$ cat target-v2.cif   # mmCIF, C-alpha atoms
data_work
#
loop_
_atom_site.label_atom_id
_atom_site.label_comp_id
_atom_site.auth_asym_id
_atom_site.auth_seq_id
_atom_site.Cartn_x
_atom_site.Cartn_y
_atom_site.Cartn_z
CA MET C 10 121.11 90.65 137.12
CA SER C 11 120.04 87.24 138.43
CA GLY C 12 116.51 85.93 137.98
CA LYS C 13 116.08 86.02 141.76
CA ASN C 14 116.91 89.73 141.95
CA VAL C 15 114.65 90.51 138.99
CA LEU C 16 111.71 88.74 140.66
CA ARG C 17 112.33 90.71 143.82
CA ARG C 18 112.29 94.00 141.90
CA LEU C 19 109.34 93.02 139.72
CA ASP C 20 106.37 95.40 139.78
CA TRP C 21 103.96 93.07 141.53
CA LEU C 22 101.05 95.52 141.34
CA THR C 23 101.06 95.21 137.54
CA VAL C 24 101.34 91.44 137.87
CA PHE C 25 98.32 91.50 140.21
CA PHE C 26 96.23 93.37 137.62
CA TYR C 27 97.41 90.94 134.93
CA VAL C 28 96.46 87.87 137.00
CA LEU C 29 93.10 89.44 137.90
CA LEU C 30 92.27 90.09 134.23
CA VAL C 31 93.40 86.62 133.13
CA PHE C 32 91.44 84.89 135.90
CA THR C 33 88.29 86.94 135.27
CA GLY C 34 88.57 86.28 131.56
CA TRP C 35 88.95 82.55 132.08
CA ILE C 36 85.92 82.47 134.43
CA ASN C 37 83.82 84.04 131.69
CA ILE C 38 85.23 81.71 129.01
CA TYR C 39 84.32 78.82 131.29
CA SER C 40 80.79 80.16 131.61
CA THR C 41 80.29 80.73 127.89
CA THR C 42 81.69 77.35 126.76
CA LEU C 43 80.55 75.01 129.56
CA GLY C 44 78.67 72.06 128.10
CA GLU C 45 76.49 69.32 129.54
CA ASP C 46 79.34 66.82 129.12
CA HIS C 47 81.56 68.80 131.52
CA THR C 48 83.94 66.59 133.51
CA SER C 49 86.85 68.71 134.79
CA ILE C 50 88.35 72.15 134.32
CA PHE C 51 91.51 70.30 133.26
CA ASP C 52 89.73 68.66 130.32
CA PHE C 53 91.95 70.09 127.58
CA SER C 54 89.56 69.00 124.84
CA THR C 55 87.18 71.79 125.90
CA LEU C 56 87.65 75.45 125.06
CA TYR C 57 87.99 76.47 128.71
CA GLY C 58 90.48 73.63 129.20
CA LYS C 59 92.51 74.76 126.21
CA GLN C 60 92.48 78.34 127.48
CA LEU C 61 93.73 77.12 130.87
CA PHE C 62 96.59 75.39 129.04
CA PHE C 63 97.35 78.62 127.15
CA ILE C 64 97.39 80.54 130.44
CA ILE C 65 99.77 78.06 132.06
CA PHE C 66 102.04 78.12 129.01
CA SER C 67 101.97 81.95 129.01
CA LEU C 68 103.02 82.04 132.66
CA ILE C 69 105.94 79.75 131.85
CA VAL C 70 106.96 82.10 129.02
CA ALA C 71 106.67 85.08 131.41
CA PHE C 72 108.82 83.32 133.99
CA LEU C 73 111.50 82.49 131.40
CA VAL C 74 111.65 86.12 130.27
CA PHE C 75 113.09 87.07 133.67
CA PHE C 76 116.13 84.87 133.07
CA VAL C 77 117.01 86.64 129.82
CA GLU C 78 119.40 89.58 129.94
CA SER C 79 117.53 92.87 129.42
CA GLY C 80 119.92 93.99 126.68
CA PHE C 81 119.03 90.88 124.67
CA PHE C 82 115.69 92.36 123.60
CA GLU C 83 117.20 95.60 122.36
CA ARG C 84 120.20 93.93 120.74
CA PHE C 85 118.16 91.46 118.68
CA ALA C 86 115.04 93.60 118.12
CA SER C 87 115.76 94.05 114.41
CA ILE C 88 116.29 90.31 113.88
CA PHE C 89 113.04 89.47 115.68
CA TYR C 90 111.28 92.04 113.50
CA LEU C 91 112.62 90.51 110.28
CA ILE C 92 111.64 87.01 111.43
CA SER C 93 108.07 88.17 112.03
CA LEU C 94 107.95 89.72 108.53
CA VAL C 95 109.13 86.42 107.01
CA LEU C 96 106.43 84.57 108.94
CA LEU C 97 103.79 87.01 107.68
CA LEU C 98 104.98 86.54 104.09
CA GLY C 99 104.93 82.76 104.54
CA LEU C 100 101.19 82.85 105.25
CA PHE C 101 100.55 83.53 101.57
CA LEU C 102 102.05 80.11 100.79
CA PHE C 103 101.51 77.98 103.89
CA GLY C 104 98.80 79.75 105.86
CA LYS C 105 95.67 78.13 107.25
CA THR C 106 92.36 79.84 106.52
CA ILE C 107 89.93 80.26 109.41
CA ALA C 108 86.72 82.31 109.12
CA GLY C 109 87.83 83.66 105.74
CA ALA C 110 91.24 84.92 106.91
CA THR C 111 94.54 83.20 106.09
CA SER C 112 96.21 84.31 109.31
CA TRP C 113 97.44 81.10 110.97
CA TYR C 114 100.02 78.37 110.71
CA ASP C 115 98.64 74.97 111.59
CA LEU C 116 101.17 73.43 113.99
CA GLY C 117 98.92 70.48 114.81
CA PHE C 118 98.46 71.09 118.52
CA PHE C 119 98.37 74.87 118.12
CA ASN C 120 97.41 77.47 115.49
CA LEU C 121 100.11 80.16 115.43
CA GLN C 122 99.01 83.66 114.40
CA PRO C 123 102.13 85.57 113.29
CA SER C 124 100.35 88.94 113.47
CA GLU C 125 100.34 88.60 117.28
CA LEU C 126 104.10 88.00 117.28
CA ALA C 127 104.54 90.92 114.88
CA LYS C 128 102.94 93.28 117.42
CA VAL C 129 105.66 92.38 119.92
CA THR C 130 108.55 92.56 117.46
CA THR C 131 107.34 95.80 115.85
CA ALA C 132 107.13 97.46 119.28
CA LEU C 133 110.69 96.27 119.97
CA ALA C 134 112.01 97.38 116.58
CA LEU C 135 110.37 100.80 116.88
CA ALA C 136 111.76 101.30 120.39
CA LYS C 137 115.22 100.31 119.18
CA TYR C 138 115.09 102.75 116.26
CA LEU C 139 113.81 105.63 118.41
CA SER C 140 116.44 104.98 121.07
CA ASP C 141 119.27 105.24 118.53
CA ILE C 142 121.29 108.33 119.39
CA GLN C 143 121.26 109.36 115.72
CA THR C 144 117.45 109.28 115.43
CA ASP C 145 115.66 112.61 115.53
CA ILE C 146 111.90 112.12 115.23
CA LYS C 147 111.52 115.75 114.10
CA ASN C 148 113.58 114.93 111.02
CA ARG C 149 111.36 114.02 108.01
CA LYS C 150 113.60 111.15 106.93
CA HIS C 151 113.56 109.61 110.39
CA GLN C 152 109.79 110.06 110.58
CA LEU C 153 109.49 108.11 107.33
CA TYR C 154 111.69 105.26 108.60
CA ALA C 155 109.71 105.03 111.84
CA ALA C 156 106.43 105.00 109.90
CA LEU C 157 107.72 102.22 107.63
CA ILE C 158 108.62 100.07 110.66
CA ILE C 159 104.98 100.34 111.73
CA LEU C 160 103.31 100.11 108.32
CA VAL C 161 105.19 97.22 106.66
CA PRO C 162 103.74 94.45 108.90
CA ALA C 163 100.31 96.13 108.75
CA LEU C 164 100.40 96.07 104.93
CA LEU C 165 101.33 92.37 104.98
CA ILE C 166 98.44 91.59 107.34
CA LEU C 167 95.80 93.64 105.50
CA PRO C 168 95.39 91.31 102.44
CA GLN C 169 95.04 88.13 104.55
CA PRO C 170 92.42 89.74 104.92
CA ASP C 171 92.64 90.85 108.55
CA PRO C 172 91.98 94.62 108.67
CA GLY C 173 91.37 94.48 112.43
CA SER C 174 94.87 93.25 113.25
CA ALA C 175 96.37 95.65 110.68
CA LEU C 176 94.59 98.55 112.38
CA ILE C 177 96.25 97.71 115.72
CA PHE C 178 99.66 98.72 114.35
CA SER C 179 98.43 102.30 113.87
CA SER C 180 98.40 102.60 117.67
CA LEU C 181 102.21 102.63 117.63
CA PHE C 182 102.12 106.12 116.13
CA PHE C 183 101.23 107.28 119.65
CA VAL C 184 104.76 106.24 120.62
CA LEU C 185 106.08 108.68 118.04
CA PHE C 186 103.94 111.49 119.47
CA ARG C 187 105.26 110.72 122.95
CA GLU C 188 108.79 111.08 121.58
CA GLY C 189 108.10 114.44 119.92
CA LEU C 190 106.38 113.89 116.56
CA PRO C 191 104.53 117.14 115.65
CA LEU C 192 100.86 116.99 116.66
CA TYR C 193 99.54 117.99 113.25
CA TYR C 194 100.39 114.47 112.08
CA PHE C 195 97.87 113.26 114.64
CA LEU C 196 95.18 115.52 113.21
CA ILE C 197 95.59 114.27 109.63
CA PRO C 198 94.05 110.78 110.10
CA ILE C 199 91.29 112.24 112.31
CA VAL C 200 90.36 114.78 109.63
CA LEU C 201 90.41 112.08 106.94
CA VAL C 202 88.11 109.83 108.98
CA VAL C 203 85.69 112.72 109.62
CA LEU C 204 85.72 113.67 105.92
CA PHE C 205 85.15 110.04 104.92
CA ALA C 206 82.16 109.62 107.25
CA ALA C 207 80.72 113.07 106.44
CA THR C 208 80.93 112.39 102.69
CA LEU C 209 79.09 109.09 103.06
CA MET C 210 76.40 110.73 105.18
CA TYR C 211 75.91 114.07 103.39
CA GLY C 212 77.74 113.95 100.05
CA THR C 213 80.70 115.87 98.62
CA VAL C 214 78.73 119.06 97.84
CA TRP C 215 77.68 119.60 101.46
CA VAL C 216 81.15 118.67 102.71
CA ALA C 217 82.70 121.29 100.39
CA ILE C 218 80.16 123.91 101.54
CA GLY C 219 80.88 123.06 105.17
CA LEU C 220 84.66 123.41 104.65
CA VAL C 221 84.25 126.81 102.94
CA LEU C 222 81.99 128.03 105.74
CA LEU C 223 84.50 126.83 108.34
CA LEU C 224 87.35 128.74 106.66
CA THR C 225 85.14 131.82 106.33
CA LEU C 226 84.42 131.76 110.07
CA VAL C 227 88.15 131.44 110.79
CA PHE C 228 88.84 134.61 108.78
CA LEU C 229 85.89 136.52 110.26
CA PHE C 230 86.64 135.83 113.90
CA LYS C 231 90.42 135.84 113.88
CA LYS C 232 92.28 138.46 115.93
CA PRO C 233 93.72 141.32 113.85
CA SER C 234 97.22 140.47 115.07
CA VAL C 235 96.98 136.87 113.87
CA LYS C 236 98.24 136.15 110.36
CA ILE C 237 96.56 133.26 108.58
CA PRO C 238 98.57 131.36 105.93
CA VAL C 239 96.15 131.70 103.02
CA LEU C 240 98.01 129.52 100.50
CA PRO C 241 98.46 126.45 102.77
CA LEU C 242 94.80 126.67 103.85
CA SER C 243 93.67 126.93 100.22
CA ILE C 244 95.75 123.89 99.26
CA THR C 245 94.34 121.98 102.25
CA LEU C 246 90.80 122.88 101.15
CA ILE C 247 91.44 121.64 97.60
CA ILE C 248 93.00 118.38 98.83
CA SER C 249 90.09 117.83 101.24
CA VAL C 250 87.51 118.28 98.46
CA LEU C 251 89.45 115.94 96.15
CA PHE C 252 89.61 113.36 98.95
CA SER C 253 85.87 113.74 99.48
CA LEU C 254 85.29 113.19 95.74
CA SER C 255 87.21 109.89 95.94
CA VAL C 256 85.23 108.54 98.91
CA ASN C 257 82.22 107.20 97.02
CA PHE C 258 84.44 105.48 94.43
CA VAL C 259 86.47 103.78 97.17
CA PHE C 260 83.34 102.87 99.10
CA GLU C 261 81.64 101.26 96.09
CA ASN C 262 84.62 99.68 94.34
CA VAL C 263 87.23 98.88 97.00
CA PHE C 264 85.15 97.88 100.02
CA GLU C 265 83.39 94.54 100.03
CA GLN C 266 79.62 94.39 100.54
CA ARG C 267 79.99 93.27 104.15
CA HIS C 268 82.14 96.34 104.86
CA ARG C 269 79.61 98.62 103.16
CA ASP C 270 76.82 97.05 105.23
CA ARG C 271 78.74 97.67 108.47
CA PHE C 272 79.22 101.33 107.58
CA ALA C 273 75.57 101.58 106.59
CA LEU C 274 74.57 100.21 109.97
CA TRP C 275 77.09 102.25 111.97
CA LEU C 276 76.48 105.61 110.24
CA GLY C 277 72.75 105.10 109.64
CA LEU C 278 73.20 105.35 105.85
CA GLU C 279 70.48 102.88 105.01
CA LYS C 280 67.01 104.46 105.09
CA ASP C 281 65.03 101.42 103.97
CA GLU C 282 63.81 99.89 107.25
CA ASN C 283 63.36 96.43 105.73
CA LYS C 284 66.90 96.36 104.37
CA LEU C 285 68.24 97.90 107.57
CA ASP C 286 66.55 95.18 109.59
CA GLN C 287 68.07 92.57 107.29
CA ILE C 288 71.54 94.05 107.83
CA ARG C 289 71.00 93.97 111.60
CA LYS C 290 70.14 90.28 111.41
CA THR C 291 73.24 89.47 109.37
CA ILE C 292 76.18 91.88 109.62
CA GLY C 293 74.93 93.53 112.81
CA TYR C 294 73.60 90.36 114.42
CA ASN C 295 76.55 89.85 116.78
CA THR C 296 76.48 93.41 118.07
CA TYR C 297 72.69 93.40 118.41
CA GLN C 298 72.72 90.19 120.47
CA SER C 299 75.69 91.45 122.49
CA GLU C 300 73.83 94.63 123.41
CA LYS C 301 70.75 92.62 124.39
CA ALA C 302 72.85 90.29 126.56
CA ILE C 303 74.45 93.22 128.41
CA GLU C 304 71.09 94.97 128.76
CA SER C 305 69.47 91.83 130.20
CA GLY C 306 72.05 91.71 132.99
CA GLY C 307 70.72 94.84 134.62
CA PHE C 308 72.56 96.30 137.60
CA PHE C 309 73.60 93.16 139.49
CA GLY C 310 73.54 90.57 136.69
CA LYS C 311 71.86 87.18 136.53
CA GLY C 312 74.63 85.38 138.38
CA PHE C 313 77.49 83.07 137.45
CA LEU C 314 76.38 80.37 134.96
CA GLU C 315 72.88 81.87 134.96
CA GLY C 316 73.09 83.86 131.75
CA THR C 317 70.21 82.65 129.58
CA ARG C 318 71.50 84.34 126.44
CA THR C 319 74.97 82.98 127.13
CA LYS C 320 73.61 79.47 127.65
CA GLY C 321 71.41 79.79 124.60
CA ASP C 322 74.35 80.72 122.35
CA PHE C 323 72.58 83.90 121.27
CA VAL C 324 75.87 85.79 120.85
CA PRO C 325 78.17 84.20 118.25
CA GLU C 326 81.88 84.09 119.14
CA GLN C 327 81.01 85.09 122.69
CA HIS C 328 84.09 83.39 124.13
CA THR C 329 86.40 85.38 121.80
CA ASP C 330 85.63 88.89 120.54
CA TYR C 331 82.35 89.23 122.45
CA ILE C 332 83.46 87.90 125.83
CA PHE C 333 82.59 91.24 127.48
CA SER C 334 78.89 90.62 126.79
CA SER C 335 78.98 87.60 129.12
CA VAL C 336 80.32 89.87 131.88
CA GLY C 337 77.38 92.22 131.33
CA GLU C 338 74.77 89.47 131.40
CA GLU C 339 76.03 87.44 134.36
CA TRP C 340 77.65 90.18 136.45
CA GLY C 341 75.61 93.20 135.37
CA PHE C 342 76.63 96.85 135.54
CA ILE C 343 78.65 96.12 138.68
CA GLY C 344 80.73 93.50 136.83
CA THR C 345 81.31 95.54 133.68
CA ALA C 346 82.26 98.61 135.73
CA ALA C 347 84.69 96.49 137.77
CA VAL C 348 86.38 95.14 134.63
CA ILE C 349 86.69 98.64 133.15
CA LEU C 350 88.17 99.90 136.43
CA ILE C 351 90.71 97.07 136.52
CA PHE C 352 91.79 97.87 132.96
CA SER C 353 91.95 101.59 133.81
CA PHE C 354 94.19 101.04 136.86
CA PHE C 355 96.27 98.62 134.80
CA PHE C 356 96.90 101.21 132.05
CA LEU C 357 97.60 103.99 134.53
CA ARG C 358 100.16 101.79 136.24
CA LEU C 359 101.84 100.97 132.91
CA ILE C 360 102.06 104.68 132.08
CA GLY C 361 103.75 105.25 135.44
CA LEU C 362 106.22 102.45 134.73
CA ALA C 363 106.98 103.82 131.25
CA GLU C 364 107.66 107.30 132.59
CA ARG C 365 110.11 106.07 135.22
CA GLN C 366 112.36 104.26 132.73
CA LYS C 367 115.95 105.43 132.72
CA ASN C 368 116.61 104.93 129.02
CA THR C 369 114.75 105.69 125.80
CA PHE C 370 114.41 102.07 124.69
CA GLY C 371 112.59 101.05 127.87
CA ARG C 372 110.33 104.10 127.79
CA MET C 373 109.45 103.74 124.11
CA PHE C 374 108.81 100.01 124.37
CA GLY C 375 106.64 100.69 127.43
CA TYR C 376 104.51 103.11 125.46
CA GLY C 377 104.36 100.59 122.63
CA VAL C 378 102.94 98.02 125.06
CA ILE C 379 100.40 100.54 126.38
CA SER C 380 99.34 101.61 122.87
CA ILE C 381 98.79 98.06 121.60
CA LEU C 382 96.90 96.87 124.67
CA PHE C 383 94.79 100.03 124.94
CA ILE C 384 93.62 100.08 121.33
CA HIS C 385 92.63 96.41 121.66
CA TYR C 386 90.68 97.25 124.80
CA ALA C 387 89.01 100.41 123.42
CA ILE C 388 87.98 98.91 120.08
CA ASN C 389 86.74 95.65 121.61
CA ILE C 390 84.58 97.34 124.25
CA GLY C 391 83.31 99.86 121.69
CA MET C 392 82.46 97.04 119.29
CA VAL C 393 80.64 94.95 121.92
CA ILE C 394 78.41 97.82 123.07
CA GLY C 395 77.70 99.03 119.51
CA LEU C 396 79.73 102.25 119.46
CA LEU C 397 82.13 100.90 116.81
CA PRO C 398 81.63 98.53 113.86
CA THR C 399 82.61 94.88 114.19
CA ILE C 400 86.22 94.33 113.09
CA GLY C 401 87.28 91.27 115.09
CA ILE C 402 89.54 92.59 117.86
CA PRO C 403 89.98 90.43 121.01
CA LEU C 404 90.00 91.81 124.55
CA PRO C 405 93.58 91.45 125.95
CA PHE C 406 94.07 88.72 128.57
CA PHE C 407 90.32 88.10 128.46
CA SER C 408 89.27 86.64 125.12
CA TYR C 409 89.83 83.00 124.17
CA GLY C 410 92.91 82.39 122.01
CA GLY C 411 96.34 80.87 122.38
CA SER C 412 98.37 83.27 120.21
CA GLY C 413 96.77 86.29 121.81
CA MET C 414 97.29 85.09 125.37
CA VAL C 415 100.91 84.06 124.82
CA PHE C 416 102.05 87.14 122.91
CA PHE C 417 100.11 89.67 125.01
CA THR C 418 101.81 88.11 128.03
CA LEU C 419 105.20 88.18 126.31
CA LEU C 420 104.67 91.83 125.38
CA LEU C 421 103.84 92.80 128.96
CA PHE C 422 106.51 90.78 130.72
CA ILE C 423 109.34 91.92 128.46
CA PHE C 424 108.44 95.42 129.60
CA LEU C 425 108.27 94.33 133.25
CA LYS C 426 111.70 92.75 132.82
CA LEU C 427 113.08 96.02 131.43
CA ASP C 428 111.46 97.93 134.28
CA SER C 429 112.93 95.63 136.91
CA ASN C 430 116.39 96.36 135.49
CA ARG C 431 115.85 100.08 134.82
CA LEU C 432 118.33 101.42 137.39
CA ARG C 433 121.18 99.35 136.03
CA GLU C 434 120.27 100.14 132.42
CA GLY C 435 120.14 103.86 133.18
CA ILE C 436 123.73 104.03 134.38
#

$ encode --input "target-v2.cif" --output "structure tokens"
Amino acid sequence: MSGKNVLRRLDWLTVFFYVLLVFTGWINIYSTTLGEDHTSIFDFSTLYGKQLFFIIFSLIVAFLVFFVESGFFERFASIFYLISLVLLLGLFLFGKTIAGATSWYDLGFFNLQPSELAKVTTALALAKYLSDIQTDIKNRKHQLYAALIILVPALLILPQPDPGSALIFSSLFFVLFREGLPLYYFLIPIVLVVLFAATLMYGTVWVAIGLVLLLTLVFLFKKPSVKIPVLPLSITLIISVLFSLSVNFVFENVFEQRHRDRFALWLGLEKDENKLDQIRKTIGYNTYQSEKAIESGGFFGKGFLEGTRTKGDFVPEQHTDYIFSSVGEEWGFIGTAAVILIFSFFFLRLIGLAERQKNTFGRMFGYGVISILFIHYAINIGMVIGLLPTIGIPLPFFSYGGSGMVFFTLLLFIFLKLDSNRLREGI
């Protein structure tokens, strides 16, 4: 299909949401980084100027995607995936360290973050594997292969260390559930997280008592006609208690102090008010200042370029991970609600596009795109308003960053390319 026909069949509503998010993000980056020596928005030595360059470059990449045959992405998905793994491995030898993480290649004019590319290629590789006619996601062996596709890049990213980016790859398991992975797999990580937090808050003894009481209630209130598998439940109880016993060892010996402090702040583990206040001023400082900035905006906000906390640099990294706090201060509740609504309509539209795909590859890649973008959005907003601990996750199309802007755009527009060609691909 020619580029002209693809552009005509492009889903322009999704493009509208994309442009709206990018423009709103850039406006807030401009506000948070504007200095007294401002000359022009095209001053590429400034952060807002650099972001404008990244946006322009991303739009060029998006435009070029439409002139690539749709089958190209599926055909070479495995090769792209392997290239991204090689780039991740190369960081251990040639990587540039920024803010304690060796996650970038210094290309002189641009710092390339391979983990952002890996998100795109892993979504492609997973979609290709799931669309193979021989793949049955209900088969244990195929489940293992799919999990390895997701976990290998995450395990290479984790020791950089960049646990935030590694966590993003877990979102791709939602693609497996969409394709038919049994739901009990979804419950396992949730149960483990609850057990981990409960053990830190109450201790293994109370967790064990709680689990026994829960099982007792199940037996007491079950219907007579319902048979409960006693042996599997007993094994699950034993494994849960053993996991709980390991939590304190992992917490004290595997996690770094900064990670322990974040959990202490998030779960309220620290009872010493003086120490808790010290943690807030160090580990929790960004979140605390972010909350105050949003709170100070009130209902209507202080107005564009009128954010006193933004101008006073109260919130560190406000143009990157904490960009949403500038929306709250300058545009108030109205602005934050508008941004959340735009993202909500954007995700709903993507779900609609994924469901109307005529082949498995397009549908699975679509859900990969949705999963990656949504977990970025949910964690970032949760982090900025204090619901989740700080783990360094940017807001898609909003936060400052070249690699993020380019590869988020690439991720989205590959899907829009597949969607524009869906009727032909479904034949």

$ closest_residue --input "target-v2.cif" --among "C:Met414, C:Leu165, C:Leu157, C:Leu29" --to "Ile351 of chain C" --atoms "all atoms listed in the file"
C:Leu29

$ resolve_selection --input "target-v2.cif" --expression "the PyMOL selection byres ((chain C and resi 122) around 7)" --output "list in words"
Ser112, Trp113, Tyr114, Asn120, Leu121, Pro123, Ser124, Glu125 and Ser412 of chain C

$ closest_residue --input "target-v2.cif" --among "C:Ile388, C:Leu56, C:Leu164, C:Leu139" --to "Gln327 of chain C" --atoms "all atoms listed in the file"
C:Leu56

$ atom_distance --input "target-v2.cif" --atom1 "atom CA of Ile50 of chain C" --atom2 "atom CA of His328 of chain C"
15.8 Å

$ resolve_selection --input "target-v2.cif" --expression "the PyMOL selection byres ((chain C and resi 323) around 10)" --output "ChimeraX atom specification"
/C:294-295,297-299,301-302,317-322,324-327

$ resolve_selection --input "target-v2.cif" --expression "the PyMOL selection byres ((chain C and resi 147) around 12)" --output "list in words"
Leu139, Gln143, Thr144, Asp145, Ile146, Asn148, Arg149, Lys150, His151, Gln152, Leu153, Tyr154, Ala155, Leu185, Phe186, Arg187, Glu188, Gly189, Leu190, Pro191, Leu192 and Tyr194 of chain C

$ atom_distance --input "target-v2.cif" --atom1 "atom CA of Thr213 of chain C" --atom2 "atom CA of Leu226 of chain C"
19.9 Å

$ residues_around --input "target-v2.cif" --residues "Ala347 of chain C" --least-positions-apart "4" --cutoff "12 Å" --atoms "all atoms listed in the file" --output "list in words"
Phe26, Leu29, Leu30, Thr33, Phe309, Phe333, Val336, Gly337, Trp340, Gly341, Phe342, Ile343, Ile351, Phe352, Ser353 and Phe354 of chain C

$ write_last_selection --input "target-v2.cif" --atoms "C-alpha atoms" --output "PDB file, in the frame of the given file"
ATOM      1  CA  PHE C  26      96.230  93.370 137.620  1.00  0.00           C
ATOM      2  CA  LEU C  29      93.100  89.440 137.900  1.00  0.00           C
ATOM      3  CA  LEU C  30      92.270  90.090 134.230  1.00  0.00           C
ATOM      4  CA  THR C  33      88.290  86.940 135.270  1.00  0.00           C
ATOM      5  CA  PHE C 309      73.600  93.160 139.490  1.00  0.00           C
ATOM      6  CA  PHE C 333      82.590  91.240 127.480  1.00  0.00           C
ATOM      7  CA  VAL C 336      80.320  89.870 131.880  1.00  0.00           C
ATOM      8  CA  GLY C 337      77.380  92.220 131.330  1.00  0.00           C
ATOM      9  CA  TRP C 340      77.650  90.180 136.450  1.00  0.00           C
ATOM     10  CA  GLY C 341      75.610  93.200 135.370  1.00  0.00           C
ATOM     11  CA  PHE C 342      76.630  96.850 135.540  1.00  0.00           C
ATOM     12  CA  ILE C 343      78.650  96.120 138.680  1.00  0.00           C
ATOM     13  CA  ILE C 351      90.710  97.070 136.520  1.00  0.00           C
ATOM     14  CA  PHE C 352      91.790  97.870 132.960  1.00  0.00           C
ATOM     15  CA  SER C 353      91.950 101.590 133.810  1.00  0.00           C
ATOM     16  CA  PHE C 354      94.190 101.040 136.860  1.00  0.00           C
TER      17      PHE C 354
END

$ decode --input "target-v2.cif" --residues "segment 153-165 of chain C" --atoms "N, CA, C and O atoms" --output "mmCIF file, in the first residue's frame"
data_model
loop_
_atom_site.group_PDB
_atom_site.id
_atom_site.type_symbol
_atom_site.label_atom_id
_atom_site.label_comp_id
_atom_site.auth_asym_id
_atom_site.auth_seq_id
_atom_site.Cartn_x
_atom_site.Cartn_y
_atom_site.Cartn_z
ATOM 1 N N LEU C 153 6.326 -20.531 28.833
ATOM 2 C CA LEU C 153 7.701 -20.279 29.261
ATOM 3 C C LEU C 153 8.455 -19.463 28.223
ATOM 4 O O LEU C 153 9.159 -18.495 28.560
ATOM 5 N N TYR C 154 8.323 -19.816 26.941
ATOM 6 C CA TYR C 154 9.009 -19.079 25.880
ATOM 7 C C TYR C 154 8.538 -17.621 25.832
ATOM 8 O O TYR C 154 9.353 -16.698 25.685
ATOM 9 N N ALA C 155 7.229 -17.423 25.956
ATOM 10 C CA ALA C 155 6.690 -16.062 25.935
ATOM 11 C C ALA C 155 7.221 -15.258 27.125
ATOM 12 O O ALA C 155 7.585 -14.086 26.991
ATOM 13 N N ALA C 156 7.265 -15.902 28.297
ATOM 14 C CA ALA C 156 7.772 -15.226 29.492
ATOM 15 C C ALA C 156 9.239 -14.852 29.335
ATOM 16 O O ALA C 156 9.672 -13.770 29.757
ATOM 17 N N LEU C 157 10.018 -15.735 28.707
ATOM 18 C CA LEU C 157 11.446 -15.453 28.502
ATOM 19 C C LEU C 157 11.646 -14.263 27.566
ATOM 20 O O LEU C 157 12.567 -13.452 27.774
ATOM 21 N N ILE C 158 10.806 -14.153 26.535
ATOM 22 C CA ILE C 158 10.896 -13.000 25.630
ATOM 23 C C ILE C 158 10.750 -11.706 26.417
ATOM 24 O O ILE C 158 11.456 -10.718 26.174
ATOM 25 N N ILE C 159 9.852 -11.712 27.397
ATOM 26 C CA ILE C 159 9.606 -10.523 28.210
ATOM 27 C C ILE C 159 10.704 -10.306 29.247
ATOM 28 O O ILE C 159 11.169 -9.170 29.457
ATOM 29 N N LEU C 160 11.147 -11.394 29.885
ATOM 30 C CA LEU C 160 12.024 -11.265 31.048
ATOM 31 C C LEU C 160 13.496 -11.045 30.715
ATOM 32 O O LEU C 160 14.212 -10.401 31.491
ATOM 33 N N VAL C 161 13.966 -11.560 29.582
ATOM 34 C CA VAL C 161 15.396 -11.432 29.257
ATOM 35 C C VAL C 161 15.843 -9.967 29.197
ATOM 36 O O VAL C 161 16.827 -9.591 29.852
ATOM 37 N N PRO C 162 15.180 -9.084 28.429
ATOM 38 C CA PRO C 162 15.612 -7.683 28.450
ATOM 39 C C PRO C 162 15.461 -7.037 29.820
ATOM 40 O O PRO C 162 16.303 -6.213 30.224
ATOM 41 N N ALA C 163 14.411 -7.415 30.569
ATOM 42 C CA ALA C 163 14.217 -6.851 31.911
ATOM 43 C C ALA C 163 15.383 -7.227 32.821
ATOM 44 O O ALA C 163 15.865 -6.394 33.600
ATOM 45 N N LEU C 164 15.850 -8.467 32.720
ATOM 46 C CA LEU C 164 16.962 -8.926 33.559
ATOM 47 C C LEU C 164 18.280 -8.257 33.171
ATOM 48 O O LEU C 164 19.183 -8.117 34.011
ATOM 49 N N LEU C 165 18.408 -7.855 31.906
ATOM 50 C CA LEU C 165 19.613 -7.130 31.483
ATOM 51 C C LEU C 165 19.577 -5.671 31.935
ATOM 52 O O LEU C 165 20.616 -5.055 32.141
#
